[in-house]
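To start, the structure under review is shown below, and the notes come after it.
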Number of protein chains: 2
Amino acid sequence: MNNLKGPVRVVGTGLIGASIGLALGRLGVTVHLVDADAESALMAERIGAGSRDVAGEPQVVVVAVPPDHVGAVIAAQLAATTSAIVTDTGSVKSKPLVDAGALTDDLSRYVGSHPMAGSERSGPLAGRADLFDGATWAITPHEGNRPEAVELIRELAETCGARTVELSVQDHDLAVARVSHLPHLMSALAAGTLVDAPASHLELSGQGVRDVTRIAGGDPRLWTQIVAANAPALTTLLERIRGDLDRMLIALGKDDGSGDITNLLMNGVTGAVRVPGKHGAPHTDDATVLVNIPDRPGQLAKLFADAAASGANVEDLRIDHSPGLAIGQVELAVKPASVDQLVKVLTERGWVVHR
Amino acid sequence: MNNLKGPVRVVGTGLIGASIGLALGRLGVTVHLVDADAESALMAERIGAGSRDVAGEPQVVVVAVPPDHVGAVIAAQLAATTSAIVTDTGSVKSKPLVDAGALTDDLSRYVGSHPMAGSERSGPLAGRADLFDGATWAITPHEGNRPEAVELIRELAETCGARTVELSVQDHDLAVARVSHLPHLMSALAAGTLVDAPASHLELSGQGVRDVTRIAGGDPRLWTQIVAANAPALTTLLERIRGDLDRMLIALGKDDGSGDITNLLMNGVTGAVRVPGKHGAPHTDDATVLVNIPDRPGQLAKLFADAAASGANVEDLRIDHSPGLAIGQVELAVKPASVDQLVKVLTERGWVVHR
């Protein structure tokens with residue numbers, strides 16, 4: 001490391017671009033802010049993400065514009081510079097490569113990348129210096145890249161606080177189709193069936209439907225661009241879903257379809273347990289303890305103080321809401337070795353605890 | 001109220017049956033425990049859910065057996081009693097009515113119901129007296145029921161601590177298909193695409209895929225019975241999903257499909273915001289504040305103590321994990337009026353807070 005000297009030009013000063021500027025600024029790297037929207041660049045400058053006025057050739061250009069424009073801006077930045085390494089932050093990696101490739105012959109200075117961080121907020125004012133701290137940042141080199149160019153982008157990502165993962169362009173797009181874009185579409189399709197549901201039906205909602213439909217609330221225009229850019233990988237997965245859906249429909253229509261239904265559900269169990277939880281560990285490693293909690297200020301504070309007193313580190317938690325009543329339940333996930341002491345201490349301190 | 005005197009016979013002493021016994025026991029109602037599995041009834045008795053040895057006609061019979069057996073056991077209990085009101089706890093309400101109706105002419109003493117509570121645990125030892133505290137318990141009368149019979153089952157549910165909602169049998173089954181069974185199937189189908197994903201793809205998993213696939217981990221045999229019992233309502237919804245899925249596939253295959261993709265995603269947003277959050281209120285009512293939190297014992301306790309000191313009541317929260325690094329982010333949902341003071345107090349006390 002230590003090859004990243006700057007200046008770094010950030011093109012596109014929304015949430016991601018402004019956050020990259022703020023993150024690099026922590027280490028004194030000079031950041032040049034560029035945005036087609038002058039107001040956005042001004043706001044990014046005002047929050048300290050960099051300067052709109054930096055002369056000379058940048059060492060690195062980061063293209064952080066909306067998905068539909070990524071390819072064209074990469075090509076423009078390659079043309080506008082002579083030695084700079086250009087990367088982008090788009091959620092899909094093959095389309096920018098194709099789009100930029102249609103506009104320029106030489107993509108050797110372009111190395112794709114994808115910081116897996118974001119927020120439900122957007123725009124430069126949502127920018128944060130620590131947005132990437134602990135996040136995964138995928139680096140997706142292509143055949144024409146020199147190793148030093150790839151290394152420089154890796155260093156950029158790490159300087160921003162992220163952990164890098166190197167994947168081929170094709171692998172990356174299939175991976176995000178699987179773990180991000182398809183879940184988003186499934187969430188949207190499930191949520192879409194609720195638009196005309198009577199309120200009395202929605203009253204029976206529990207935590208399950210809340211979890212499944214949560215991400216469906218994301219910005220439809222942004223997600224349209226992401227989904228459209230990853231159409232080939234998503235089409236393969238959606239056709240697989242349609243096959244399974246048809247099998248489910250056939251099984252539901254048969255008197256002896258139970259075996260087929262169970263097989264489809266077993267498949268879901270097998271897939272669900274493969275999703276990594278905290279720190280990449282399977283979420284089944286932790287033991288869970290349920291605690292009843294009155295809905296009053298300070299009760300969570302008391303619970304966590306009591307949990308801390310037992311020496312247990314709470315790895316994860318979930319509040320389960322009971323519509324209509326002022327009582328909730330908190331599910332604490334802790335290391336199995338901590339459970340006995342946690343239950344003992346909480347019980348002694350008056351909590352109603354279930355293992 | 002005050003018509004529920006007991007004895008209450010609970011047939012099927014798994015999680016739900018044992019919990020009903022424990023809940024009724026809190027108010028001194030005599031509970032008669034019956035299970036085809038002698039060991040299960042014995043365990044339920046040992047944890048105080050009731051007695052295996054209660055003579056005489058019960059006032060109420062609660063059938064809490066696995067979904068496939070509900071109808072037959074309802075008919076058997078109607079035959080075995082002369083005046084008892086019989087209810088069941090199945091997740092689907094039309095199939096038991098049809099199944100029992102095939103075995104007996106008079107269903108006037110049968111009133112369907114459905115406690116919307118459960119646990120990832122099962123069996124009598126998972127039983128809890130407070131399982132239904134604050135839960136919704138649907139009551140689904142049919143035309144042949146006398147009002148007193150319906151009222152008695154409502155009283156039973158309320159005695160167990162639940163809030164009751166009255167729905168027709170058909171409405172109930174469509175409602176749970178929408179807010180429970182369909183989300184489960186969508187979660188299972190999404191998770192099913194991960195069974196053969198390379199580990200390097202799964203490494204890019206974030207909170208979204210974790211949320212969408214969580215409920216897919218539920219017991220496949222139990223869910224097969226639930227899904228099969230609600231086949232008609234689910235088939236209608238799944239065909240709607242298939243229509244939307246086909247529209248999505250067509251849109252992804254077209255150069256000008258963006259408008260269609262956006263429409264489908266907008267539909268998802270509209271549906272997602274209709275899902276009630278805590279206490280039946282739309283989850284958009286709360287404002288959210290993000291706080292960085294080091295992964296050490298006691299940090300959550302400190303955070304919640306500091307939040308409580310600001311006077312804010314934490315309505316909901318979520319921990320976002322950063323795979324690979326020892327830093328996390330906690331999203332606190334509070335009433336909008338509490339946000340300013342919360343941010344002020346947390347910042348003063350050294351937390352890194354984002355609005």
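Convention: chains lettered A, B, ... in structure tokens order; per-chain residue numbering from 1; ligands numbered from 1 as shown.
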Expected answer as a tab-separated table (two decimals) with N, CA and C atoms, in the first residue's frame: chain A residues within 6 Å of chain B, only C-alpha atoms:
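Just written: selection.tsv:
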```
chain	number	residue	atom	x	y	z
A	134	GLY	N	-16.02	-1.16	7.30
A	134	GLY	CA	-16.50	-2.52	7.53
A	134	GLY	C	-17.33	-3.08	6.40
A	135	ALA	N	-17.62	-2.29	5.38
A	135	ALA	CA	-18.41	-2.79	4.25
A	135	ALA	C	-17.56	-3.64	3.32
A	175	ALA	N	-23.49	-12.94	-8.70
A	175	ALA	CA	-23.56	-12.90	-7.23
A	175	ALA	C	-24.57	-11.86	-6.74
A	179	VAL	N	-27.87	-12.40	-4.44
A	179	VAL	CA	-27.98	-11.99	-3.04
A	179	VAL	C	-28.55	-10.59	-2.87
A	183	PRO	N	-33.57	-11.06	-4.48
A	183	PRO	CA	-34.33	-10.82	-3.25
A	183	PRO	C	-35.17	-9.54	-3.33
A	188	ALA	N	-40.53	-7.24	-3.80
A	188	ALA	CA	-41.47	-6.34	-4.49
A	188	ALA	C	-42.70	-7.11	-4.99
A	191	ALA	N	-44.83	-7.95	-1.92
A	191	ALA	CA	-45.48	-6.73	-1.42
A	191	ALA	C	-46.57	-6.26	-2.38
A	192	GLY	N	-46.35	-6.48	-3.67
A	192	GLY	CA	-47.31	-6.04	-4.68
A	192	GLY	C	-48.69	-6.70	-4.52
A	194	LEU	N	-50.20	-6.96	-1.85
A	194	LEU	CA	-50.87	-6.34	-0.71
A	194	LEU	C	-51.54	-5.02	-1.07
A	195	VAL	N	-51.34	-4.54	-2.30
A	195	VAL	CA	-51.85	-3.20	-2.63
A	195	VAL	C	-53.37	-3.10	-2.50
A	201	HIS	N	-57.35	-7.63	6.57
A	201	HIS	CA	-56.38	-8.69	6.27
A	201	HIS	C	-54.99	-8.30	6.77
A	205	SER	N	-50.95	-9.15	9.98
A	205	SER	CA	-49.51	-9.16	9.64
A	205	SER	C	-48.64	-9.44	10.86
A	209	VAL	N	-44.04	-11.20	7.32
A	209	VAL	CA	-44.34	-10.38	6.14
A	209	VAL	C	-43.61	-9.04	6.21
A	211	ASP	N	-40.56	-8.62	7.40
A	211	ASP	CA	-39.20	-8.90	6.94
A	211	ASP	C	-39.16	-9.08	5.43
A	212	VAL	N	-40.09	-9.88	4.91
A	212	VAL	CA	-40.03	-10.22	3.48
A	212	VAL	C	-40.26	-8.99	2.61
A	213	THR	N	-41.11	-8.07	3.06
A	213	THR	CA	-41.46	-6.93	2.21
A	213	THR	C	-40.64	-5.66	2.48
A	216	ALA	N	-38.65	-4.03	-0.39
A	216	ALA	CA	-39.50	-3.60	-1.51
A	216	ALA	C	-39.75	-2.10	-1.45
A	217	GLY	N	-39.51	-1.47	-0.30
A	217	GLY	CA	-39.73	-0.03	-0.15
A	217	GLY	C	-38.66	0.82	-0.81
A	220	PRO	N	-37.89	3.05	-6.54
A	220	PRO	CA	-38.19	2.27	-7.75
A	220	PRO	C	-37.40	2.71	-8.99
A	224	THR	N	-34.95	0.22	-10.87
A	224	THR	CA	-35.21	-0.10	-12.27
A	224	THR	C	-33.90	-0.11	-13.05
A	231	ALA	N	-30.00	-7.48	-16.38
A	231	ALA	CA	-31.08	-8.30	-16.94
A	231	ALA	C	-30.66	-9.74	-17.26
A	252	LEU	N	-49.88	-27.83	-5.51
A	252	LEU	CA	-51.05	-27.36	-4.75
A	252	LEU	C	-52.35	-27.85	-5.38
A	261	ILE	N	-44.31	-30.25	-2.47
A	261	ILE	CA	-44.28	-29.00	-1.68
A	261	ILE	C	-43.14	-29.06	-0.67
A	262	THR	N	-43.04	-30.18	0.04
A	262	THR	CA	-41.98	-30.31	1.05
A	262	THR	C	-40.60	-30.17	0.41
A	265	LEU	N	-39.89	-26.57	-0.16
A	265	LEU	CA	-39.64	-25.87	1.11
A	265	LEU	C	-38.29	-26.26	1.71
A	266	MET	N	-37.92	-27.55	1.57
A	266	MET	CA	-36.62	-28.02	2.07
A	266	MET	C	-35.49	-27.29	1.34
A	267	ASN	N	-35.67	-27.11	0.06
A	267	ASN	CA	-34.73	-26.35	-0.74
A	267	ASN	C	-34.54	-24.95	-0.16
A	268	GLY	N	-35.65	-24.34	0.24
A	268	GLY	CA	-35.60	-23.01	0.84
A	268	GLY	C	-34.83	-23.03	2.16
A	269	VAL	N	-35.04	-24.04	2.97
A	269	VAL	CA	-34.32	-24.15	4.24
A	269	VAL	C	-32.82	-24.25	3.96
A	271	GLY	N	-31.14	-23.25	1.39
A	271	GLY	CA	-30.60	-21.97	0.92
A	271	GLY	C	-30.53	-20.95	2.04
A	272	ALA	N	-31.57	-20.90	2.87
A	272	ALA	CA	-31.64	-19.86	3.91
A	272	ALA	C	-30.48	-20.00	4.91
A	278	LYS	N	-23.84	-12.28	10.88
A	278	LYS	CA	-22.85	-11.31	11.32
A	278	LYS	C	-21.42	-11.80	11.08
A	279	HIS	N	-20.56	-10.92	10.63
A	279	HIS	CA	-19.14	-11.23	10.45
A	279	HIS	C	-18.93	-12.47	9.60
A	280	GLY	N	-19.82	-12.69	8.64
A	280	GLY	CA	-19.66	-13.80	7.73
A	280	GLY	C	-19.98	-15.16	8.31
A	297	PRO	N	-40.18	4.03	27.77
A	297	PRO	CA	-38.80	4.50	27.62
A	297	PRO	C	-37.91	3.88	28.70
A	298	GLY	N	-36.70	3.54	28.34
A	298	GLY	CA	-35.74	3.08	29.33
A	298	GLY	C	-35.70	1.58	29.52
A	301	ALA	N	-32.87	0.02	27.60
A	301	ALA	CA	-31.61	0.37	28.26
A	301	ALA	C	-31.37	-0.54	29.45
A	304	PHE	N	-30.43	-4.09	28.29
A	304	PHE	CA	-29.07	-4.26	27.78
A	304	PHE	C	-28.03	-4.07	28.87
A	305	ALA	N	-28.35	-3.20	29.83
A	305	ALA	CA	-27.44	-3.06	30.96
A	305	ALA	C	-27.38	-4.38	31.73
A	308	ALA	N	-25.49	-6.92	29.71
A	308	ALA	CA	-24.04	-6.65	29.76
A	308	ALA	C	-23.47	-7.11	31.10
A	313	ASN	N	-22.15	-10.85	25.16
A	313	ASN	CA	-22.14	-9.87	24.08
A	313	ASN	C	-23.34	-10.17	23.17
A	321	HIS	N	-43.03	-7.19	17.45
A	321	HIS	CA	-44.10	-6.30	17.88
A	321	HIS	C	-45.41	-7.06	17.98
A	322	SER	N	-46.19	-6.68	18.92
A	322	SER	CA	-47.52	-7.24	19.06
A	322	SER	C	-48.51	-6.14	18.75
A	323	PRO	N	-49.04	-6.14	17.52
A	323	PRO	CA	-49.96	-5.07	17.17
A	323	PRO	C	-51.06	-4.95	18.22
A	324	GLY	N	-51.32	-3.77	18.69
A	324	GLY	CA	-52.46	-3.54	19.56
A	324	GLY	C	-52.19	-3.57	21.05
A	325	LEU	N	-51.08	-4.13	21.47
A	325	LEU	CA	-50.82	-4.19	22.91
A	325	LEU	C	-49.45	-3.59	23.22
```
Revision key, fill the gap. For Val65 of chain A, the closest of A:Val34, A:Val289, A:Val150, A:Val334 counting only C-alpha atoms is A:Val34
Could you give me, as an mmCIF file with all heavy atoms, in the first residue's frame, each residue of segment 164-213 of chain A that DSSP assigns to alpha helix (DSSP H) when run on this structure's backbone?
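Dumped to part-v8.cif:
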```cif
data_model
loop_
_atom_site.group_PDB
_atom_site.id
_atom_site.type_symbol
_atom_site.label_atom_id
_atom_site.label_comp_id
_atom_site.auth_asym_id
_atom_site.auth_seq_id
_atom_site.Cartn_x
_atom_site.Cartn_y
_atom_site.Cartn_z
ATOM 1 N N VAL A 169 -16.035 -10.020 -13.536
ATOM 2 C CA VAL A 169 -17.222 -9.233 -13.844
ATOM 3 C C VAL A 169 -18.476 -10.116 -13.884
ATOM 4 O O VAL A 169 -19.509 -9.789 -13.286
ATOM 5 C CB VAL A 169 -17.015 -8.511 -15.206
ATOM 6 C CG1 VAL A 169 -18.318 -7.918 -15.723
ATOM 7 C CG2 VAL A 169 -15.939 -7.437 -15.069
ATOM 8 N N GLN A 170 -18.357 -11.246 -14.551
ATOM 9 C CA GLN A 170 -19.516 -12.140 -14.706
ATOM 10 C C GLN A 170 -19.942 -12.701 -13.344
ATOM 11 O O GLN A 170 -21.126 -12.777 -13.033
ATOM 12 C CB GLN A 170 -19.183 -13.300 -15.661
ATOM 13 C CG GLN A 170 -18.972 -12.895 -17.114
ATOM 14 C CD GLN A 170 -17.653 -12.122 -17.340
ATOM 15 O OE1 GLN A 170 -16.722 -12.175 -16.534
ATOM 16 N NE2 GLN A 170 -17.593 -11.372 -18.453
ATOM 17 N N ASP A 171 -18.936 -13.144 -12.565
ATOM 18 C CA ASP A 171 -19.225 -13.694 -11.241
ATOM 19 C C ASP A 171 -19.898 -12.657 -10.348
ATOM 20 O O ASP A 171 -20.846 -12.964 -9.616
ATOM 21 C CB ASP A 171 -17.902 -14.110 -10.579
ATOM 22 C CG ASP A 171 -17.837 -15.613 -10.402
ATOM 23 O OD1 ASP A 171 -18.745 -16.309 -10.898
ATOM 24 O OD2 ASP A 171 -16.872 -16.074 -9.781
ATOM 25 N N HIS A 172 -19.379 -11.437 -10.393
ATOM 26 C CA HIS A 172 -19.964 -10.373 -9.585
ATOM 27 C C HIS A 172 -21.443 -10.175 -9.917
ATOM 28 O O HIS A 172 -22.291 -10.104 -9.026
ATOM 29 C CB HIS A 172 -19.224 -9.052 -9.799
ATOM 30 C CG HIS A 172 -19.924 -7.896 -9.161
ATOM 31 N ND1 HIS A 172 -20.960 -7.219 -9.790
ATOM 32 C CD2 HIS A 172 -19.790 -7.327 -7.941
ATOM 33 C CE1 HIS A 172 -21.418 -6.290 -8.985
ATOM 34 N NE2 HIS A 172 -20.723 -6.323 -7.863
ATOM 35 N N ASP A 173 -21.733 -10.093 -11.203
ATOM 36 C CA ASP A 173 -23.110 -9.784 -11.581
ATOM 37 C C ASP A 173 -24.060 -10.917 -11.233
ATOM 38 O O ASP A 173 -25.214 -10.686 -10.843
ATOM 39 C CB ASP A 173 -23.186 -9.444 -13.074
ATOM 40 C CG ASP A 173 -22.598 -8.058 -13.357
ATOM 41 O OD1 ASP A 173 -22.153 -7.400 -12.393
ATOM 42 O OD2 ASP A 173 -22.598 -7.647 -14.528
ATOM 43 N N LEU A 174 -23.569 -12.152 -11.336
ATOM 44 C CA LEU A 174 -24.401 -13.278 -10.931
ATOM 45 C C LEU A 174 -24.582 -13.270 -9.408
ATOM 46 O O LEU A 174 -25.669 -13.521 -8.892
ATOM 47 C CB LEU A 174 -23.756 -14.587 -11.410
ATOM 48 C CG LEU A 174 -24.626 -15.840 -11.298
ATOM 49 C CD1 LEU A 174 -25.998 -15.627 -11.922
ATOM 50 C CD2 LEU A 174 -23.919 -17.023 -11.960
ATOM 51 N N ALA A 175 -23.495 -12.941 -8.700
ATOM 52 C CA ALA A 175 -23.558 -12.905 -7.231
ATOM 53 C C ALA A 175 -24.567 -11.857 -6.741
ATOM 54 O O ALA A 175 -25.426 -12.153 -5.908
ATOM 55 C CB ALA A 175 -22.171 -12.615 -6.651
ATOM 56 N N VAL A 176 -24.499 -10.646 -7.278
ATOM 57 C CA VAL A 176 -25.427 -9.618 -6.789
ATOM 58 C C VAL A 176 -26.851 -9.886 -7.285
ATOM 59 O O VAL A 176 -27.821 -9.537 -6.609
ATOM 60 C CB VAL A 176 -24.983 -8.173 -7.126
ATOM 61 C CG1 VAL A 176 -23.747 -7.797 -6.322
ATOM 62 C CG2 VAL A 176 -24.761 -7.979 -8.617
ATOM 63 N N LEU A 182 -32.320 -10.302 -7.007
ATOM 64 C CA LEU A 182 -33.456 -11.231 -6.956
ATOM 65 C C LEU A 182 -34.245 -11.091 -5.647
ATOM 66 O O LEU A 182 -35.475 -11.002 -5.678
ATOM 67 C CB LEU A 182 -33.008 -12.680 -7.158
ATOM 68 C CG LEU A 182 -34.200 -13.655 -7.162
ATOM 69 C CD1 LEU A 182 -34.950 -13.588 -8.485
ATOM 70 C CD2 LEU A 182 -33.764 -15.079 -6.870
ATOM 71 N N PRO A 183 -33.565 -11.064 -4.477
ATOM 72 C CA PRO A 183 -34.334 -10.819 -3.253
ATOM 73 C C PRO A 183 -35.174 -9.540 -3.331
ATOM 74 O O PRO A 183 -36.312 -9.521 -2.867
ATOM 75 C CB PRO A 183 -33.253 -10.712 -2.163
ATOM 76 C CG PRO A 183 -32.126 -11.549 -2.677
ATOM 77 C CD PRO A 183 -32.146 -11.368 -4.182
ATOM 78 N N HIS A 184 -34.620 -8.508 -3.959
ATOM 79 C CA HIS A 184 -35.394 -7.271 -4.094
ATOM 80 C C HIS A 184 -36.658 -7.498 -4.925
ATOM 81 O O HIS A 184 -37.754 -7.076 -4.538
ATOM 82 C CB HIS A 184 -34.543 -6.161 -4.716
ATOM 83 C CG HIS A 184 -35.178 -4.812 -4.608
ATOM 84 N ND1 HIS A 184 -34.925 -3.956 -3.566
ATOM 85 C CD2 HIS A 184 -36.106 -4.196 -5.373
ATOM 86 C CE1 HIS A 184 -35.658 -2.870 -3.703
ATOM 87 N NE2 HIS A 184 -36.386 -2.985 -4.799
ATOM 88 N N LEU A 185 -36.505 -8.176 -6.047
ATOM 89 C CA LEU A 185 -37.685 -8.419 -6.898
ATOM 90 C C LEU A 185 -38.702 -9.319 -6.199
ATOM 91 O O LEU A 185 -39.908 -9.086 -6.288
ATOM 92 C CB LEU A 185 -37.258 -9.054 -8.226
ATOM 93 C CG LEU A 185 -36.455 -8.151 -9.169
ATOM 94 C CD1 LEU A 185 -36.162 -8.878 -10.471
ATOM 95 C CD2 LEU A 185 -37.205 -6.847 -9.443
ATOM 96 N N MET A 186 -38.228 -10.327 -5.481
ATOM 97 C CA MET A 186 -39.164 -11.214 -4.780
ATOM 98 C C MET A 186 -39.916 -10.447 -3.693
ATOM 99 O O MET A 186 -41.108 -10.655 -3.467
ATOM 100 C CB MET A 186 -38.400 -12.400 -4.183
ATOM 101 C CG MET A 186 -37.766 -13.300 -5.226
ATOM 102 S SD MET A 186 -38.979 -14.112 -6.310
ATOM 103 C CE MET A 186 -39.451 -15.484 -5.257
ATOM 104 N N SER A 187 -39.190 -9.566 -3.023
ATOM 105 C CA SER A 187 -39.818 -8.725 -2.004
ATOM 106 C C SER A 187 -40.872 -7.828 -2.648
ATOM 107 O O SER A 187 -41.995 -7.678 -2.132
ATOM 108 C CB SER A 187 -38.732 -7.893 -1.317
ATOM 109 O OG SER A 187 -39.275 -7.060 -0.325
ATOM 110 N N ALA A 188 -40.531 -7.243 -3.801
ATOM 111 C CA ALA A 188 -41.465 -6.344 -4.495
ATOM 112 C C ALA A 188 -42.699 -7.110 -4.985
ATOM 113 O O ALA A 188 -43.831 -6.619 -4.867
ATOM 114 C CB ALA A 188 -40.762 -5.665 -5.667
ATOM 115 N N LEU A 189 -42.492 -8.310 -5.519
ATOM 116 C CA LEU A 189 -43.639 -9.089 -6.005
ATOM 117 C C LEU A 189 -44.551 -9.489 -4.844
ATOM 118 O O LEU A 189 -45.774 -9.412 -4.944
ATOM 119 C CB LEU A 189 -43.161 -10.334 -6.762
ATOM 120 C CG LEU A 189 -42.451 -10.096 -8.104
ATOM 121 C CD1 LEU A 189 -41.955 -11.416 -8.704
ATOM 122 C CD2 LEU A 189 -43.358 -9.385 -9.106
ATOM 123 N N ALA A 190 -43.940 -9.916 -3.728
ATOM 124 C CA ALA A 190 -44.741 -10.286 -2.556
ATOM 125 C C ALA A 190 -45.518 -9.077 -2.038
ATOM 126 O O ALA A 190 -46.728 -9.152 -1.781
ATOM 127 C CB ALA A 190 -43.845 -10.863 -1.461
ATOM 128 N N ALA A 191 -44.831 -7.950 -1.916
ATOM 129 C CA ALA A 191 -45.478 -6.727 -1.418
ATOM 130 C C ALA A 191 -46.567 -6.264 -2.377
ATOM 131 O O ALA A 191 -47.600 -5.731 -1.951
ATOM 132 C CB ALA A 191 -44.432 -5.624 -1.211
ATOM 133 N N GLY A 192 -46.353 -6.484 -3.671
ATOM 134 C CA GLY A 192 -47.315 -6.043 -4.675
ATOM 135 C C GLY A 192 -48.686 -6.696 -4.521
ATOM 136 O O GLY A 192 -49.704 -6.118 -4.917
ATOM 137 N N ALA A 199 -57.877 -3.727 4.815
ATOM 138 C CA ALA A 199 -57.141 -3.421 6.046
ATOM 139 C C ALA A 199 -57.300 -4.535 7.082
ATOM 140 O O ALA A 199 -56.373 -4.833 7.832
ATOM 141 C CB ALA A 199 -57.615 -2.087 6.617
ATOM 142 N N SER A 200 -58.469 -5.189 7.088
ATOM 143 C CA SER A 200 -58.686 -6.256 8.078
ATOM 144 C C SER A 200 -57.750 -7.441 7.817
ATOM 145 O O SER A 200 -57.400 -8.174 8.731
ATOM 146 C CB SER A 200 -60.138 -6.729 8.046
ATOM 147 O OG SER A 200 -60.441 -7.302 6.780
ATOM 148 N N HIS A 201 -57.349 -7.626 6.567
ATOM 149 C CA HIS A 201 -56.383 -8.694 6.274
ATOM 150 C C HIS A 201 -54.992 -8.303 6.766
ATOM 151 O O HIS A 201 -54.263 -9.114 7.340
ATOM 152 C CB HIS A 201 -56.314 -8.959 4.771
ATOM 153 C CG HIS A 201 -57.542 -9.609 4.213
ATOM 154 N ND1 HIS A 201 -57.611 -10.118 2.950
ATOM 155 C CD2 HIS A 201 -58.749 -9.846 4.772
ATOM 156 C CE1 HIS A 201 -58.817 -10.640 2.735
ATOM 157 N NE2 HIS A 201 -59.525 -10.467 3.830
ATOM 158 N N LEU A 202 -54.636 -7.035 6.537
ATOM 159 C CA LEU A 202 -53.302 -6.571 6.918
ATOM 160 C C LEU A 202 -53.114 -6.568 8.427
ATOM 161 O O LEU A 202 -51.997 -6.659 8.923
ATOM 162 C CB LEU A 202 -53.063 -5.164 6.347
ATOM 163 C CG LEU A 202 -52.977 -5.140 4.817
ATOM 164 C CD1 LEU A 202 -53.073 -3.718 4.293
ATOM 165 C CD2 LEU A 202 -51.687 -5.785 4.350
ATOM 166 N N GLN A 207 -44.247 -10.542 11.981
ATOM 167 C CA GLN A 207 -42.873 -10.182 11.657
ATOM 168 C C GLN A 207 -42.445 -10.751 10.303
ATOM 169 O O GLN A 207 -41.636 -10.143 9.595
ATOM 170 C CB GLN A 207 -41.938 -10.678 12.767
ATOM 171 C CG GLN A 207 -40.552 -10.071 12.747
ATOM 172 C CD GLN A 207 -40.572 -8.563 12.829
ATOM 173 O OE1 GLN A 207 -41.330 -7.973 13.604
ATOM 174 N NE2 GLN A 207 -39.769 -7.910 12.015
ATOM 175 N N GLY A 208 -42.978 -11.918 9.935
ATOM 176 C CA GLY A 208 -42.559 -12.554 8.684
ATOM 177 C C GLY A 208 -42.809 -11.678 7.472
ATOM 178 O O GLY A 208 -41.897 -11.415 6.678
ATOM 179 N N VAL A 209 -44.036 -11.198 7.322
ATOM 180 C CA VAL A 209 -44.343 -10.382 6.144
ATOM 181 C C VAL A 209 -43.607 -9.041 6.211
ATOM 182 O O VAL A 209 -43.219 -8.480 5.187
ATOM 183 C CB VAL A 209 -45.873 -10.207 5.970
ATOM 184 C CG1 VAL A 209 -46.489 -9.404 7.115
ATOM 185 C CG2 VAL A 209 -46.192 -9.541 4.639
ATOM 186 N N ARG A 210 -43.380 -8.555 7.422
ATOM 187 C CA ARG A 210 -42.605 -7.305 7.540
ATOM 188 C C ARG A 210 -41.183 -7.518 7.011
ATOM 189 O O ARG A 210 -40.654 -6.692 6.268
ATOM 190 C CB ARG A 210 -42.560 -6.832 8.999
ATOM 191 C CG ARG A 210 -43.784 -6.034 9.407
ATOM 192 C CD ARG A 210 -43.564 -5.275 10.726
ATOM 193 N NE ARG A 210 -43.600 -6.158 11.879
ATOM 194 C CZ ARG A 210 -44.719 -6.528 12.508
ATOM 195 N NH1 ARG A 210 -45.891 -6.088 12.094
ATOM 196 N NH2 ARG A 210 -44.672 -7.327 13.540
ATOM 197 N N ASP A 211 -40.564 -8.624 7.402
ATOM 198 C CA ASP A 211 -39.201 -8.901 6.942
ATOM 199 C C ASP A 211 -39.156 -9.082 5.427
ATOM 200 O O ASP A 211 -38.280 -8.544 4.750
ATOM 201 C CB ASP A 211 -38.668 -10.177 7.600
ATOM 202 C CG ASP A 211 -38.200 -9.943 9.017
ATOM 203 O OD1 ASP A 211 -38.172 -8.775 9.449
ATOM 204 O OD2 ASP A 211 -37.863 -10.930 9.698
ATOM 205 N N VAL A 212 -40.091 -9.883 4.906
ATOM 206 C CA VAL A 212 -40.033 -10.220 3.478
ATOM 207 C C VAL A 212 -40.260 -8.994 2.608
ATOM 208 O O VAL A 212 -39.675 -8.860 1.537
ATOM 209 C CB VAL A 212 -41.051 -11.342 3.149
ATOM 210 C CG1 VAL A 212 -41.180 -11.539 1.643
ATOM 211 C CG2 VAL A 212 -40.639 -12.648 3.821
ATOM 212 N N THR A 213 -41.106 -8.067 3.062
ATOM 213 C CA THR A 213 -41.458 -6.928 2.205
ATOM 214 C C THR A 213 -40.641 -5.664 2.478
ATOM 215 O O THR A 213 -40.808 -4.669 1.786
ATOM 216 C CB THR A 213 -42.955 -6.570 2.342
ATOM 217 O OG1 THR A 213 -43.230 -6.215 3.708
ATOM 218 C CG2 THR A 213 -43.837 -7.735 1.935
#
```
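Across segment 75-299 of chain A, DSSP run on the backbone finds strand (DSSP E) at Ile85, Val86, Thr87, Asp88, Gly112, Ser113, His114, Pro115, Met116, Thr136, Trp137, Ala138, Ile139, Thr140, Arg163, Thr164, Val165, Glu166, Ala287, Thr288, Val289, Leu290, Val291, Asn292, Ile293 and Pro294 of chain A.
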Check your understanding: What separation in Å, quoted to one decimal, exists between atom CA of Ala84 of chain A and atom CA of Leu131 of chain A?
Key ->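 We find that atom CA of Ala84 of chain A and atom CA of Leu131 of chain A lie 24.7 Å from each other.
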Practice item. Please identify all polymer residues within 12 Å of Ser113 of chain B, counting only C-alpha atoms, omitting same-chain residues fewer than 4 positions from it, and present them as an NGL selection string. Key: :B and (61-64 or 70 or 85-94 or 96-97 or 136-142 or 149-157 or 162 or 164-169 or 172-173)
